[in-house]
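Structure first, then comments.
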Amino acid sequence: MKMVTAFNSNMKVLGRLASQIATVVQGKDKPTNTPNHNDGDMCIVLNAKDVCVTGRKLTDKVCYWHTGQVLHLYVGHLKERTLKDEMAKDPTEVICKAVLRMLPRNKPRNVKIPELIPPVESNLLEVTNRTGIKKLRIFPGSEHPSGDQPLEPYVMPSRSVREMRP
């Protein structure tokens, strides 16, 4: 049975949050998980603007992308932006890319990718530039349009930190 799981990303670490979302989207948290069925739940991520990262990643992590066409009709350039600037521009895209990169890179991923990529909907609070979703909705604030659906809040498992040896 498919459920709607709500993730509150307020003061959560980006990588840990993305790995938990990827686990729920794939359905690996269910005892009935089989590789040939798409049994994952729909995930709603709230407070995307309040996600945090550890260390100096906000200033040191740089996101790169290339401009230009595939046919090389003109010279492309390598563009870069720090994670802090990416978060200021669009925090939903940062979480979406983190979840997409947590999925395994195999043939079933090509089936799951269109289900993960959020649409552009001007009347909602989502701000992205991709199309087609079934399983992942990311909102920068705490408000979301699916207020009539019962949301199951996801409780992040506690982290077991090993003690450092002297």
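Residue numbering restarts at 1 for every chain of the structure tokens, chains are lettered A, B, ... in their displayed order, and ligands are numbered from 1 as they appear.
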Close residues, region 86-94 of chain A itself excluded, 6 Å, only C-alpha atoms, min 6 positions apart in chain, as an NGL selection string | :A and (48-49 or 138)
Considering only C-alpha atoms, return as a ChimeraX atom specification whatever protein or nucleic-acid residues lie within 10 Å of region 10-18 of chain A, sequence-local ones (same chain, fewer than 2 positions apart) excluded.
-> /A:7-8,20-24,45-54,94-103,141-142,156,159
When distances are computed from only C-alpha atoms, which of A:His144, A:Cys43, A:Lys79, A:Pro35 shows the smallest separation from Asn106 (chain A)?
->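 The shortest atom-to-atom distance to Asn106 (chain A) comes from A:Pro35.
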Figure out the distance between CA of Ser160 (chain A) and CA of Ser19 (chain A), please, to one decimal in Å.
-> 15.9 Å
Might you pull out every residue within 9 Å of Gln26 (chain A), with only C-alpha atoms counted and same-chain residues fewer than 5 positions away left off, and present them as a list in words?
->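 These residues fall inside the cut-off: Ile21, Asn33, Asn38, Asp39, Gly40, Asp41, Leu103 and Lys112 of chain A.
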Preceding selection exported with N, CA and C atoms as a compact mmCIF listing (two decimals), in the first residue's frame:
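Now in result35.txt:
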# COMPACT_ATOMS: atom_id res chain seq x y z
N ILE A 21 15.38 9.72 2.27
CA ILE A 21 14.34 9.93 1.26
C ILE A 21 14.50 8.91 0.13
N ASN A 33 9.79 -5.54 -0.07
CA ASN A 33 10.55 -4.96 -1.16
C ASN A 33 11.05 -6.04 -2.11
N ASN A 38 8.05 -1.49 -8.24
CA ASN A 38 8.26 -0.13 -7.77
C ASN A 38 7.33 0.10 -6.59
N ASP A 39 7.79 -0.23 -5.40
CA ASP A 39 6.94 -0.21 -4.22
C ASP A 39 7.17 1.00 -3.32
N GLY A 40 7.88 2.00 -3.78
CA GLY A 40 8.21 3.13 -2.93
C GLY A 40 7.03 4.01 -2.63
N ASP A 41 7.14 4.76 -1.54
CA ASP A 41 6.09 5.69 -1.13
C ASP A 41 6.35 7.08 -1.69
N LEU A 103 20.25 7.50 -5.69
CA LEU A 103 19.66 6.32 -6.32
C LEU A 103 20.73 5.50 -7.03
N LYS A 112 12.69 5.27 -12.49
CA LYS A 112 12.37 6.05 -11.30
C LYS A 112 12.67 7.53 -11.45
From a DSSP calculation on the backbone, collect every residue of region 39-77 of chain A in alpha helix (DSSP H) and output the set as a ChimeraX atom specification.
-> /A:57-60
Glu80 (chain A): which residues within 12 Å, counting only C-alpha atoms, same-chain residues fewer than 3 positions away excluded, as a list in words?
->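 My list of contacting residues is Asp60, Lys61, Val62, Cys63, Tyr64, Trp65, His66, Thr67, His77, Leu83, Lys84, Asp85 and Glu86 of chain A.
Of the listed residues (A:Val25, A:Val155, A:Met42, A:Pro31), A:Val25 comes nearest to Pro104 (chain A); the distances count only C-alpha atoms.
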Proximity to Lys2 (chain A) - best of A:Arg56, A:Arg105, A:Arg81, A:Lys135, only C-alpha atoms =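 Of A:Arg56, A:Arg105, A:Arg81, A:Lys135, the one nearest Lys2 (chain A) is A:Lys135, counting only C-alpha atoms.
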